[in-house]
file input18.csv (CSV, C-alpha atoms and all ligand atoms)
chain,number,residue,atom,x,y,z
A,1,MET,CA,16.6,8.1,3.8
A,2,PHE,CA,17.8,4.5,4.2
A,3,GLU,CA,18.7,2.8,7.4
A,4,ALA,CA,21.6,0.7,5.9
A,5,PRO,CA,23.6,2.3,3.2
A,6,ALA,CA,21.7,1.9,-0.1
A,7,GLY,CA,23.0,-0.9,-2.3
A,8,ALA,CA,23.0,-1.0,-6.1
A,9,GLY,CA,19.5,-2.6,-5.9
A,10,ALA,CA,18.1,0.4,-4.1
A,11,VAL,CA,19.7,2.8,-6.6
A,12,LEU,CA,18.2,0.7,-9.5
A,13,ARG,CA,14.8,0.9,-7.9
A,14,LEU,CA,14.9,4.7,-7.8
A,15,ILE,CA,16.1,4.8,-11.4
A,16,ARG,CA,13.4,2.4,-12.6
A,17,ALA,CA,10.7,4.3,-10.9
A,18,GLU,CA,12.2,7.5,-12.3
A,19,ARG,CA,12.1,9.0,-8.8
A,20,ALA,CA,15.8,10.0,-9.2
A,21,THR,CA,17.6,10.0,-12.5
A,22,THR,CA,20.7,12.2,-12.1
A,23,ARG,CA,23.7,11.5,-9.8
A,24,SER,CA,22.9,14.5,-7.6
A,25,GLN,CA,19.2,13.4,-7.2
A,26,LEU,CA,20.4,9.9,-6.3
A,27,THR,CA,22.9,11.1,-3.7
A,28,LEU,CA,20.2,13.2,-2.2
A,29,ARG,CA,17.6,10.3,-2.1
A,30,THR,CA,20.0,7.6,-0.9
A,31,GLY,CA,22.2,9.6,1.4
A,32,LEU,CA,25.2,8.0,-0.2
A,33,SER,CA,28.5,9.9,-0.7
A,34,ARG,CA,29.2,10.8,-4.3
A,35,SER,CA,32.0,8.2,-4.5
A,36,THR,CA,29.9,5.4,-3.1
A,37,LEU,CA,27.1,6.3,-5.4
A,38,ALA,CA,29.5,6.3,-8.3
A,39,GLU,CA,30.5,2.7,-7.4
A,40,ARG,CA,26.8,1.6,-7.3
A,41,VAL,CA,26.1,3.2,-10.7
A,42,HIS,CA,29.3,1.7,-12.1
A,43,SER,CA,28.1,-1.8,-11.0
A,44,LEU,CA,24.7,-1.2,-12.6
A,45,VAL,CA,26.2,0.1,-15.9
A,46,THR,CA,28.6,-2.9,-16.0
A,47,LEU,CA,25.6,-5.3,-15.7
A,48,GLY,CA,24.0,-3.4,-18.5
A,49,LEU,CA,21.0,-2.5,-16.3
A,50,VAL,CA,21.6,1.2,-16.5
A,51,ASN,CA,22.6,3.5,-19.4
A,52,GLU,CA,23.9,7.0,-18.8
A,53,ALA,CA,22.6,9.5,-21.4
A,54,ASP,CA,23.5,13.2,-21.9
A,55,GLY,CA,20.8,15.4,-20.4
A,56,PRO,CA,18.8,17.9,-22.4
A,57,SER,CA,20.9,20.8,-23.7
A,58,THR,CA,19.4,23.7,-21.9
A,59,GLY,CA,22.6,25.8,-21.8
A,60,GLY,CA,25.6,25.2,-19.5
A,61,ARG,CA,26.6,21.7,-18.9
A,62,PRO,CA,23.5,19.6,-18.4
A,63,PRO,CA,23.6,16.7,-15.9
A,64,ALA,CA,23.7,13.3,-17.5
A,65,THR,CA,20.6,11.2,-16.8
A,66,LEU,CA,20.6,7.6,-15.8
A,67,GLU,CA,18.0,5.3,-17.4
A,68,PHE,CA,17.0,1.7,-16.8
A,69,ASN,CA,18.0,-0.5,-19.8
A,70,PRO,CA,15.3,-3.1,-20.4
A,71,THR,CA,17.5,-4.9,-23.0
A,72,ALA,CA,20.1,-5.9,-20.4
A,73,GLY,CA,18.7,-9.4,-20.5
A,74,VAL,CA,15.5,-11.4,-21.0
A,75,VAL,CA,13.0,-13.4,-19.1
A,76,LEU,CA,11.0,-16.4,-20.3
A,77,ALA,CA,7.3,-16.2,-19.7
A,78,ALA,CA,5.3,-19.4,-20.1
A,79,THR,CA,1.6,-20.1,-19.8
A,80,LEU,CA,0.6,-23.8,-19.3
A,81,ARG,CA,-2.8,-25.0,-20.3
A,82,PRO,CA,-4.0,-28.6,-20.3
A,83,ASN,CA,-3.0,-29.1,-24.0
A,84,PHE,CA,-0.7,-26.3,-24.9
A,85,CYS,CA,2.2,-24.3,-23.6
A,86,GLN,CA,3.0,-20.8,-24.8
A,87,VAL,CA,6.5,-19.5,-24.3
A,88,VAL,CA,7.4,-15.8,-24.8
A,89,VAL,CA,10.8,-14.3,-24.6
A,90,CYS,CA,10.5,-10.8,-23.1
A,91,ASN,CA,13.0,-8.1,-22.3
A,92,LEU,CA,13.3,-6.8,-18.8
A,93,GLY,CA,10.5,-4.3,-19.5
A,94,ALA,CA,8.1,-7.1,-20.2
A,95,THR,CA,8.0,-6.4,-23.9
A,96,PRO,CA,7.7,-9.6,-25.9
A,97,VAL,CA,10.5,-10.2,-28.4
A,98,PHE,CA,9.8,-13.8,-29.5
A,99,GLU,CA,7.0,-16.3,-29.1
A,100,ARG,CA,6.3,-20.0,-29.6
A,101,THR,CA,3.3,-22.2,-28.8
A,102,TYR,CA,3.7,-26.0,-28.3
A,103,GLU,CA,0.7,-28.3,-28.4
A,104,SER,CA,0.7,-31.6,-26.7
A,105,ALA,CA,-1.9,-33.9,-25.0
A,106,MET,CA,0.4,-34.3,-22.0
A,107,ILE,CA,2.4,-31.4,-20.6
A,108,ASP,CA,4.7,-32.4,-17.7
A,109,PRO,CA,7.7,-30.6,-16.1
A,110,ALA,CA,10.1,-32.4,-18.4
A,111,ALA,CA,8.2,-31.2,-21.5
A,112,VAL,CA,8.1,-27.7,-20.1
A,113,ARG,CA,11.9,-27.7,-19.8
A,114,THR,CA,12.2,-28.9,-23.4
A,115,TYR,CA,9.8,-26.2,-24.6
A,116,LEU,CA,11.7,-23.4,-22.7
A,117,GLN,CA,15.1,-24.6,-24.2
A,118,ALA,CA,13.7,-25.0,-27.7
A,119,THR,CA,12.3,-21.5,-27.6
A,120,LEU,CA,15.7,-20.1,-26.6
A,121,GLU,CA,17.3,-21.9,-29.5
A,122,HIS,CA,14.7,-20.7,-32.0
A,123,ALA,CA,15.1,-17.1,-30.6
A,124,GLN,CA,18.9,-17.5,-30.7
A,125,VAL,CA,19.2,-16.2,-27.2
A,126,PRO,CA,22.1,-17.7,-25.2
A,127,ALA,CA,21.1,-19.2,-21.9
A,128,GLN,CA,23.3,-16.7,-19.9
A,129,ARG,CA,21.1,-13.8,-21.2
A,130,VAL,CA,18.1,-15.3,-19.3
A,131,TRP,CA,17.6,-13.7,-15.9
A,132,ALA,CA,14.6,-15.7,-14.8
A,133,VAL,CA,11.6,-17.8,-15.9
A,134,GLY,CA,8.0,-17.1,-15.0
A,135,ILE,CA,5.3,-19.8,-15.5
A,136,GLY,CA,1.6,-19.5,-15.1
A,137,VAL,CA,-0.3,-22.7,-14.3
A,138,ASP,CA,-3.6,-24.1,-13.1
A,139,SER,CA,-3.5,-24.7,-9.3
A,140,GLU,CA,-3.3,-28.5,-9.7
A,141,CYS,CA,0.3,-28.6,-11.1
A,142,GLU,CA,1.7,-25.6,-9.3
A,143,GLN,CA,3.7,-27.5,-6.7
A,144,ASP,CA,4.9,-30.3,-9.0
A,145,LEU,CA,6.4,-27.9,-11.4
A,146,ARG,CA,8.1,-25.9,-8.6
A,147,ASP,CA,9.7,-29.1,-7.2
A,148,ALA,CA,10.7,-30.4,-10.6
A,149,LEU,CA,12.0,-27.2,-12.2
A,150,PRO,CA,13.6,-24.9,-9.6
A,151,HIS,CA,16.1,-23.5,-12.2
A,152,LEU,CA,16.6,-23.4,-15.9
A,153,HIS,CA,20.4,-23.2,-16.3
A,154,ASP,CA,21.3,-20.6,-13.6
A,155,ALA,CA,18.0,-18.7,-13.8
A,156,PRO,CA,15.4,-19.1,-11.1
A,157,VAL,CA,12.0,-20.5,-12.2
A,158,LEU,CA,9.0,-18.8,-10.6
A,159,VAL,CA,5.5,-20.4,-10.7
A,160,ASP,CA,2.1,-19.0,-9.9
A,161,ARG,CA,-1.5,-19.5,-10.8
A,162,HIS,CA,-3.0,-17.8,-13.9
A,163,VAL,CA,-5.4,-15.6,-11.9
A,164,ASN,CA,-2.6,-14.2,-9.7
A,165,LEU,CA,-0.5,-13.4,-12.8
A,166,ARG,CA,-3.4,-11.7,-14.5
A,167,ALA,CA,-3.9,-9.5,-11.5
A,168,LEU,CA,-0.2,-8.6,-11.4
A,169,ALA,CA,-0.2,-7.8,-15.1
A,170,GLU,CA,-3.2,-5.5,-14.9
A,171,GLN,CA,-1.7,-3.7,-11.9
A,172,TRP,CA,1.7,-3.4,-13.6
A,173,THR,CA,0.5,-2.1,-16.9
A,174,HIS,CA,-2.6,0.0,-16.3
A,175,TRP,CA,-3.0,0.5,-12.5
A,176,ARG,CA,0.5,1.6,-11.3
A,177,ALA,CA,-1.0,4.2,-9.0
A,178,VAL,CA,-3.4,1.7,-7.4
A,179,ASP,CA,-1.7,-0.2,-4.5
A,180,HIS,CA,-4.6,-2.5,-3.8
A,181,LEU,CA,-6.3,-4.2,-6.7
A,182,LEU,CA,-8.6,-7.2,-7.1
A,183,TYR,CA,-8.7,-9.0,-10.4
A,184,VAL,CA,-11.9,-11.0,-10.6
A,185,SER,CA,-12.2,-13.7,-13.2
A,186,VAL,CA,-15.7,-14.9,-14.1
A,187,GLY,CA,-15.9,-18.0,-16.4
A,188,THR,CA,-16.2,-21.7,-15.7
A,189,THR,CA,-14.5,-20.9,-12.4
A,190,ILE,CA,-14.8,-17.7,-10.4
A,191,GLU,CA,-11.5,-16.7,-8.9
A,192,CYS,CA,-9.8,-13.6,-7.6
A,193,GLY,CA,-6.2,-12.4,-7.8
A,194,ILE,CA,-5.2,-10.0,-5.0
A,195,VAL,CA,-2.4,-7.4,-5.5
A,196,SER,CA,-1.4,-5.6,-2.4
A,197,GLY,CA,1.4,-3.0,-2.3
A,198,GLY,CA,2.4,-4.1,-5.8
A,199,ARG,CA,2.8,-7.8,-4.9
A,200,VAL,CA,0.5,-10.8,-5.2
A,201,HIS,CA,-1.1,-11.7,-1.9
A,202,GLN,CA,-0.8,-15.5,-1.7
A,203,GLY,CA,-2.1,-16.3,1.8
A,204,ALA,CA,-0.6,-18.8,4.2
A,205,ARG,CA,-1.0,-21.8,1.8
A,206,GLY,CA,-1.2,-19.9,-1.5
A,207,THR,CA,-5.0,-20.3,-1.8
A,208,ALA,CA,-6.0,-16.6,-1.3
A,209,GLY,CA,-8.7,-15.3,-3.6
A,210,GLY,CA,-11.0,-18.4,-3.6
A,211,LEU,CA,-14.0,-16.2,-4.4
A,212,GLY,CA,-15.9,-19.0,-6.2
A,213,HIS,CA,-16.3,-21.1,-3.1
A,214,ILE,CA,-17.8,-18.5,-0.9
A,215,GLY,CA,-21.3,-19.6,0.0
A,216,VAL,CA,-24.3,-17.8,-1.5
A,217,PRO,CA,-27.3,-17.7,0.9
A,218,GLY,CA,-30.4,-19.5,-0.4
A,219,HIS,CA,-28.6,-22.1,-2.6
A,220,ALA,CA,-27.7,-24.8,-0.1
A,221,HIS,CA,-29.2,-27.4,-2.5
A,222,VAL,CA,-26.7,-26.6,-5.3
A,223,PRO,CA,-23.7,-29.0,-5.2
A,224,CYS,CA,-20.2,-27.7,-6.0
A,225,ALA,CA,-17.2,-29.5,-7.5
A,226,CYS,CA,-15.3,-28.7,-4.3
A,227,GLY,CA,-17.6,-31.0,-2.3
A,228,ASN,CA,-19.5,-28.2,-0.6
A,229,THR,CA,-22.9,-26.8,-1.6
A,230,GLY,CA,-24.2,-23.3,-2.5
A,231,CYS,CA,-20.8,-22.0,-3.7
A,232,LEU,CA,-20.9,-18.8,-5.9
A,233,GLU,CA,-19.2,-20.7,-8.8
A,234,ALA,CA,-21.7,-23.5,-8.7
A,235,VAL,CA,-24.7,-21.1,-8.6
A,236,VAL,CA,-23.6,-18.5,-11.2
A,237,GLY,CA,-20.3,-19.8,-12.8
A,238,GLY,CA,-20.2,-20.3,-16.6
A,239,ARG,CA,-21.4,-23.9,-16.5
A,240,ALA,CA,-24.4,-23.1,-14.4
A,241,LEU,CA,-25.4,-20.2,-16.7
A,242,ALA,CA,-25.0,-22.4,-19.8
A,243,GLU,CA,-27.2,-25.0,-18.2
A,244,GLN,CA,-29.8,-22.4,-17.3
A,245,LEU,CA,-29.9,-21.2,-20.9
A,246,ARG,CA,-30.2,-24.7,-22.3
A,247,ALA,CA,-33.2,-25.2,-20.1
A,248,ALA,CA,-34.7,-22.1,-21.7
A,249,GLY,CA,-34.1,-23.7,-25.1
A,250,LEU,CA,-30.9,-21.9,-26.2
A,251,GLU,CA,-27.8,-23.5,-27.5
A,252,ALA,CA,-25.1,-22.9,-24.9
A,253,SER,CA,-22.4,-25.3,-23.7
A,254,SER,CA,-19.7,-23.1,-22.4
A,255,PRO,CA,-19.2,-19.6,-20.7
A,256,ALA,CA,-18.0,-18.3,-24.1
A,257,ASP,CA,-21.4,-19.4,-25.7
A,258,VAL,CA,-23.2,-17.6,-22.8
A,259,ALA,CA,-21.2,-14.4,-23.4
A,260,ALA,CA,-21.7,-14.6,-27.2
A,261,LEU,CA,-25.5,-15.0,-26.8
A,262,ALA,CA,-25.6,-12.0,-24.4
A,263,ARG,CA,-23.6,-9.9,-26.8
A,264,SER,CA,-25.7,-10.8,-29.8
A,265,GLY,CA,-28.9,-9.5,-28.1
A,266,SER,CA,-30.5,-12.6,-26.4
A,267,ALA,CA,-32.6,-11.2,-23.6
A,268,ASP,CA,-32.5,-14.5,-21.7
A,269,ALA,CA,-28.7,-14.6,-21.9
A,270,ALA,CA,-28.3,-10.9,-20.9
A,271,ARG,CA,-30.6,-11.4,-18.0
A,272,ALA,CA,-28.7,-14.5,-16.8
A,273,VAL,CA,-25.3,-12.7,-17.1
A,274,ARG,CA,-26.7,-9.7,-15.2
A,275,SER,CA,-28.0,-11.8,-12.5
A,276,ALA,CA,-24.7,-13.6,-12.2
A,277,GLY,CA,-23.1,-10.1,-11.9
A,278,ARG,CA,-25.4,-9.4,-9.0
A,279,ALA,CA,-24.5,-12.6,-7.2
A,280,VAL,CA,-20.8,-11.9,-7.7
A,281,GLY,CA,-21.3,-8.3,-6.6
A,282,GLU,CA,-22.9,-9.5,-3.3
A,283,VAL,CA,-19.9,-11.6,-2.5
A,284,LEU,CA,-17.5,-8.8,-3.7
A,285,ALA,CA,-19.3,-6.3,-1.4
A,286,ALA,CA,-17.9,-8.3,1.6
A,287,CYS,CA,-14.5,-8.3,0.0
A,288,ILE,CA,-14.7,-4.5,-0.6
A,289,ASN,CA,-15.6,-3.8,3.0
A,290,PHE,CA,-12.9,-6.2,4.2
A,291,TYR,CA,-10.1,-5.4,1.9
A,292,ASN,CA,-10.8,-1.8,0.6
A,293,PRO,CA,-9.4,-2.2,-2.9
A,294,GLY,CA,-8.7,0.9,-5.1
A,295,ALA,CA,-9.6,-1.0,-8.3
A,296,ILE,CA,-11.5,-4.1,-9.3
A,297,VAL,CA,-10.7,-5.4,-12.7
A,298,LEU,CA,-13.1,-7.9,-14.3
A,299,GLY,CA,-11.8,-10.6,-16.6
A,300,GLY,CA,-12.6,-14.2,-17.6
A,301,GLU,CA,-14.7,-15.7,-20.4
A,302,LEU,CA,-17.9,-14.0,-19.2
A,303,ALA,CA,-16.2,-10.5,-19.1
A,304,VAL,CA,-16.6,-10.5,-22.9
A,305,ALA,CA,-20.3,-9.7,-22.0
A,306,SER,CA,-18.9,-7.1,-19.6
A,307,GLN,CA,-21.7,-4.5,-19.8
A,308,HIS,CA,-24.3,-6.9,-18.4
A,309,LEU,CA,-21.9,-8.4,-15.9
A,310,LEU,CA,-20.7,-5.0,-14.7
A,311,ALA,CA,-24.2,-3.6,-14.5
A,312,GLY,CA,-25.3,-6.5,-12.2
A,313,LEU,CA,-22.1,-6.4,-10.2
A,314,ARG,CA,-22.3,-2.6,-9.6
A,315,GLU,CA,-26.0,-2.9,-8.4
A,316,THR,CA,-25.1,-5.1,-5.5
A,317,ALA,CA,-21.4,-4.5,-4.8
A,318,PHE,CA,-21.9,-0.8,-4.3
A,319,ALA,CA,-25.2,-1.0,-2.5
A,320,ARG,CA,-23.8,-3.4,0.2
A,321,SER,CA,-20.4,-1.7,0.7
A,322,LEU,CA,-19.4,1.0,3.1
A,323,PRO,CA,-19.6,4.4,1.4
A,324,MET,CA,-16.0,5.2,2.4
A,325,ALA,CA,-14.8,1.9,0.9
A,326,THR,CA,-16.3,2.7,-2.5
A,327,ARG,CA,-15.7,6.4,-2.7
A,328,ASP,CA,-12.7,6.2,-5.0
A,329,LEU,CA,-13.2,2.6,-6.1
A,330,VAL,CA,-13.0,2.0,-9.8
A,331,VAL,CA,-14.5,-1.2,-11.4
A,332,SER,CA,-13.3,-1.8,-14.9
A,333,PRO,CA,-13.3,-4.6,-17.5
A,334,THR,CA,-9.8,-6.0,-18.3
A,335,ARG,CA,-7.8,-4.0,-20.8
A,336,LEU,CA,-5.2,-6.8,-21.4
A,337,GLY,CA,-7.7,-9.6,-22.1
A,338,GLU,CA,-6.2,-13.1,-22.7
A,339,ASP,CA,-2.6,-11.8,-23.0
A,340,ALA,CA,-2.6,-10.8,-19.3
A,341,GLY,CA,-1.4,-14.2,-18.1
A,342,THR,CA,1.8,-14.2,-20.1
A,343,THR,CA,2.5,-10.6,-19.3
A,344,GLY,CA,2.0,-11.4,-15.6
A,345,ALA,CA,4.5,-14.3,-15.8
A,346,ALA,CA,7.1,-12.0,-17.3
A,347,VAL,CA,6.4,-9.3,-14.6
A,348,MET,CA,6.7,-11.9,-11.8
A,349,ALA,CA,10.1,-13.0,-13.2
A,350,ILE,CA,11.3,-9.4,-13.7
A,351,GLU,CA,10.3,-8.2,-10.3
A,352,HIS,CA,12.0,-11.2,-8.7
A,353,VAL,CA,15.4,-10.5,-10.3
A,354,LEU,CA,15.3,-6.7,-10.1
A,355,ALA,CA,14.3,-6.7,-6.4
A,356,GLU,CA,16.9,-4.8,-4.3
A,357,ALA,CA,18.3,-7.8,-2.5
A,358,TYR,CA,18.6,-9.9,-5.6
A,359,VAL,CA,20.5,-7.1,-7.6
A,360,ASP,CA,22.8,-6.6,-4.6
A,361,ARG,CA,23.6,-10.3,-4.6
A,362,VAL,CA,24.3,-10.3,-8.4
A,363,VAL,CA,26.6,-7.3,-7.9
A,364,GLN,CA,28.4,-9.0,-5.1
A,365,ARG,CA,28.9,-12.2,-7.0
A,366,ARG,CA,30.3,-10.2,-9.9
A,367,ASP,CA,32.7,-8.3,-7.6
A,368,ASN,CA,33.9,-11.5,-6.1
A,369,GLY,CA,34.5,-12.9,-9.6
A,370,VAL,CA,32.0,-15.7,-9.3
B,401,ZN,ZN,-17.2,-24.9,-4.0

call {"tool": "encode", "arguments": {"input": "input18.csv", "output": "structure tokens"}}
result
Amino acid sequence: MFEAPAGAGAVLRLIRAERATTRSQLTLRTGLSRSTLAERVHSLVTLGLVNEADGPSTGGRPPATLEFNPTAGVVLAATLRPNFCQVVVCNLGATPVFERTYESAMIDPAAVRTYLQATLEHAQVPAQRVWAVGIGVDSECEQDLRDALPHLHDAPVLVDRHVNLRALAEQWTHWRAVDHLLYVSVGTTIECGIVSGGRVHQGARGTAGGLGHIGVPGHAHVPCACGNTGCLEAVVGGRALAEQLRAAGLEASSPADVAALARSGSADAARAVRSAGRAVGEVLAACINFYNPGAIVLGGELAVASQHLLAGLRETAFARSLPMATRDLVVSPTRLGEDAGTTGAAVMAIEHVLAEAYVDRVVQRRDNGV
């Protein structure tokens, strides 16, 4: 039951989650009268967000079912990297329908606006079909972009870091039943995206998940780019591993090289990745005890060598965690891979505009003729 009468947004939420798909189920779940529910459904059908389909013909007159219509509009999902920008037009179910990649030595907010508009033109999508824009960025340019590009036409622009969007994408596509998920990215940097109750946990200043700068005991002599010493990332990040392998006479200049060597059977590389997994696992054990996640998903450039990384990680993460905390914990390599970031940007945009309060405002504006 709802405290205030359920609005159109709440009705849409139940339909999207398929928790109630007929009018009688919806009146039961929301406590609304049949006539008020009919108004809510009418608003959603008018917006194109809901279709009413005939129910299965099982004799008698079957109740019509209400379905979410992901083609009611689109979102733009963009991924910004230092020298390219990928823009994907997705429907409201996060399914890509059009994609463009722009390369440039300098990508600033003005360029991003141009790329977004150019993509819409190429895709022949009118601006009023765009409900929202989601953009994945490196942490450095997050705030600049937010300030410079709050809207594209009338659509809100949402910005978040790649690692958070990857976490969101993994949870949304493969781990719906898991409310508390950690996405751990191991590459040049070591970062963590935290999804709690289906939402990204940002922390007070948006820096939550800084796994790479947690200190590893016994490495106080290793300097880190952050200015501190002994950080996990400085000790076992992709750069440190590549350096370690070069010292052993192997050719490795990036985390991708390290992963490739480990996969091709180099015992030195496999050992290095496994030992990195152990160090990450030790830090993760503290996170597991503290946060009690239901799933940990492993991504990043080194996750390509996931068997060695996972083996090391499991050794220490499980050994040092409370048995209750790990009883149902699943640790899994990413299933989305590199596409996760763009999917996550789309999901961020979709969840923003299909949130209950947002849908209620859209309905109200429409009723007022604005
Ligand atoms: Zn550091």

call {"tool": "residues_near_ligand", "arguments": {"input": "input18.csv", "ligand": "ligand ZN 401 (chain B)", "cutoff": "8 Å", "atoms": "all atoms listed in the file", "output": "list in words"}}
result
Gly212, His213, Ile214, Gly215, Pro223, Cys224, Ala225, Cys226, Gly227, Asn228, Thr229, Gly230, Cys231, Leu232, Glu233 and Ala234 of chain A

call {"tool": "residues_near_point", "arguments": {"input": "input18.csv", "point": "(-23.2, -5.0, -2.0)", "cutoff": "10 Å", "atoms": "all atoms listed in the file", "output": "VMD selection string"}}
result
chain A and resid 278 to 289 313 to 322

call {"tool": "residues_around", "arguments": {"input": "input18.csv", "residues": "A:Ala208", "least_positions_apart": "3", "cutoff": "10 Å", "atoms": "all atoms listed in the file", "output": "number ranges by chain"}}
result
A: 164, 191-194, 200-205, 211

call {"tool": "closest_residue", "arguments": {"input": "input18.csv", "among": "A:Ala72, A:Ala148, A:Met106, A:Ala78", "to": "A:Val50", "atoms": "only C-alpha atoms"}}
result
A:Ala72

call {"tool": "residues_near_point", "arguments": {"input": "input18.csv", "point": "(-24.1, -20.7, -14.1)", "cutoff": "10 Å", "atoms": "all atoms listed in the file", "output": "PyMOL selection string"}}
result
chain A and resi 187-189+232-245+254-255+258+272-273+275-276

call {"tool": "closest_residue", "arguments": {"input": "input18.csv", "among": "A:Gln128, A:Ser139, A:Thr334, A:Thr36", "to": "A:Pro82", "atoms": "only C-alpha atoms"}}
result
A:Ser139

call {"tool": "closest_residue", "arguments": {"input": "input18.csv", "among": "A:Ala252, A:Val159, A:Cys90, A:Ala110", "to": "A:Gly206", "atoms": "only C-alpha atoms"}}
result
A:Val159

call {"tool": "residues_around", "arguments": {"input": "input18.csv", "residues": "stretch 358-364 of chain A", "least_positions_apart": "6", "cutoff": "9 Å", "atoms": "all atoms listed in the file", "output": "ChimeraX atom specification"}}
result
/A:7-10,12,40,43-44,47,352,370

call {"tool": "atom_distance", "arguments": {"input": "input18.csv", "atom1": "atom CA of A:Leu310", "atom2": "atom CA of A:Leu182"}}
result
14.5 Å

call {"tool": "atom_distance", "arguments": {"input": "input18.csv", "atom1": "atom CA of A:Cys85", "atom2": "atom CA of A:Val304"}}
result
23.3 Å

call {"tool": "residues_around", "arguments": {"input": "input18.csv", "residues": "A:Val186", "least_positions_apart": "2", "cutoff": "6 Å", "atoms": "only C-alpha atoms", "output": "ChimeraX atom specification"}}
result
/A:190,300,302

call {"tool": "atom_distance", "arguments": {"input": "input18.csv", "atom1": "atom CA of A:Gly341", "atom2": "atom CA of A:His162"}}
result
5.8 Å

call {"tool": "closest_residue", "arguments": {"input": "input18.csv", "among": "A:Ala311, A:Val74, A:Leu168, A:Ala127", "to": "A:Leu336", "atoms": "all atoms listed in the file"}}
result
A:Leu168

call {"tool": "closest_residue", "arguments": {"input": "input18.csv", "among": "A:Leu66, A:Leu309, A:Leu80, A:Ile107", "to": "A:Arg19", "atoms": "all atoms listed in the file"}}
result
A:Leu66

call {"tool": "build_atoms", "arguments": {"input": "input18.csv", "residues": "stretch 343-354 of chain A", "atoms": "N, CA and C atoms", "output": "mmCIF file, in the coordinates of the input"}}
result
data_model
loop_
_atom_site.group_PDB
_atom_site.id
_atom_site.type_symbol
_atom_site.label_atom_id
_atom_site.label_comp_id
_atom_site.auth_asym_id
_atom_site.auth_seq_id
_atom_site.Cartn_x
_atom_site.Cartn_y
_atom_site.Cartn_z
ATOM 1 N N THR A 343 1.928 -11.792 -19.774
ATOM 2 C CA THR A 343 2.500 -10.600 -19.300
ATOM 3 C C THR A 343 2.820 -10.685 -17.784
ATOM 4 N N GLY A 344 1.854 -11.245 -17.063
ATOM 5 C CA GLY A 344 2.000 -11.400 -15.600
ATOM 6 C C GLY A 344 3.175 -12.335 -15.264
ATOM 7 N N ALA A 345 3.350 -13.390 -16.063
ATOM 8 C CA ALA A 345 4.500 -14.300 -15.800
ATOM 9 C C ALA A 345 5.796 -13.609 -16.022
ATOM 10 N N ALA A 346 5.846 -12.749 -17.047
ATOM 11 C CA ALA A 346 7.100 -12.000 -17.300
ATOM 12 C C ALA A 346 7.318 -10.999 -16.140
ATOM 13 N N VAL A 347 6.264 -10.322 -15.710
ATOM 14 C CA VAL A 347 6.400 -9.300 -14.600
ATOM 15 C C VAL A 347 6.872 -10.024 -13.333
ATOM 16 N N MET A 348 6.307 -11.199 -13.036
ATOM 17 C CA MET A 348 6.700 -11.900 -11.800
ATOM 18 C C MET A 348 8.228 -12.225 -11.892
ATOM 19 N N ALA A 349 8.696 -12.683 -13.055
ATOM 20 C CA ALA A 349 10.100 -13.000 -13.200
ATOM 21 C C ALA A 349 10.983 -11.759 -13.081
ATOM 22 N N ILE A 350 10.545 -10.686 -13.739
ATOM 23 C CA ILE A 350 11.300 -9.400 -13.700
ATOM 24 C C ILE A 350 11.419 -8.862 -12.319
ATOM 25 N N GLU A 351 10.279 -8.795 -11.633
ATOM 26 C CA GLU A 351 10.300 -8.200 -10.300
ATOM 27 C C GLU A 351 11.127 -9.043 -9.323
ATOM 28 N N HIS A 352 11.215 -10.336 -9.581
ATOM 29 C CA HIS A 352 12.000 -11.200 -8.700
ATOM 30 C C HIS A 352 13.516 -10.848 -8.874
ATOM 31 N N VAL A 353 13.976 -10.726 -10.105
ATOM 32 C CA VAL A 353 15.400 -10.500 -10.300
ATOM 33 C C VAL A 353 15.863 -9.072 -10.232
ATOM 34 N N LEU A 354 14.899 -8.141 -10.302
ATOM 35 C CA LEU A 354 15.300 -6.700 -10.100
ATOM 36 C C LEU A 354 14.957 -6.221 -8.744
#
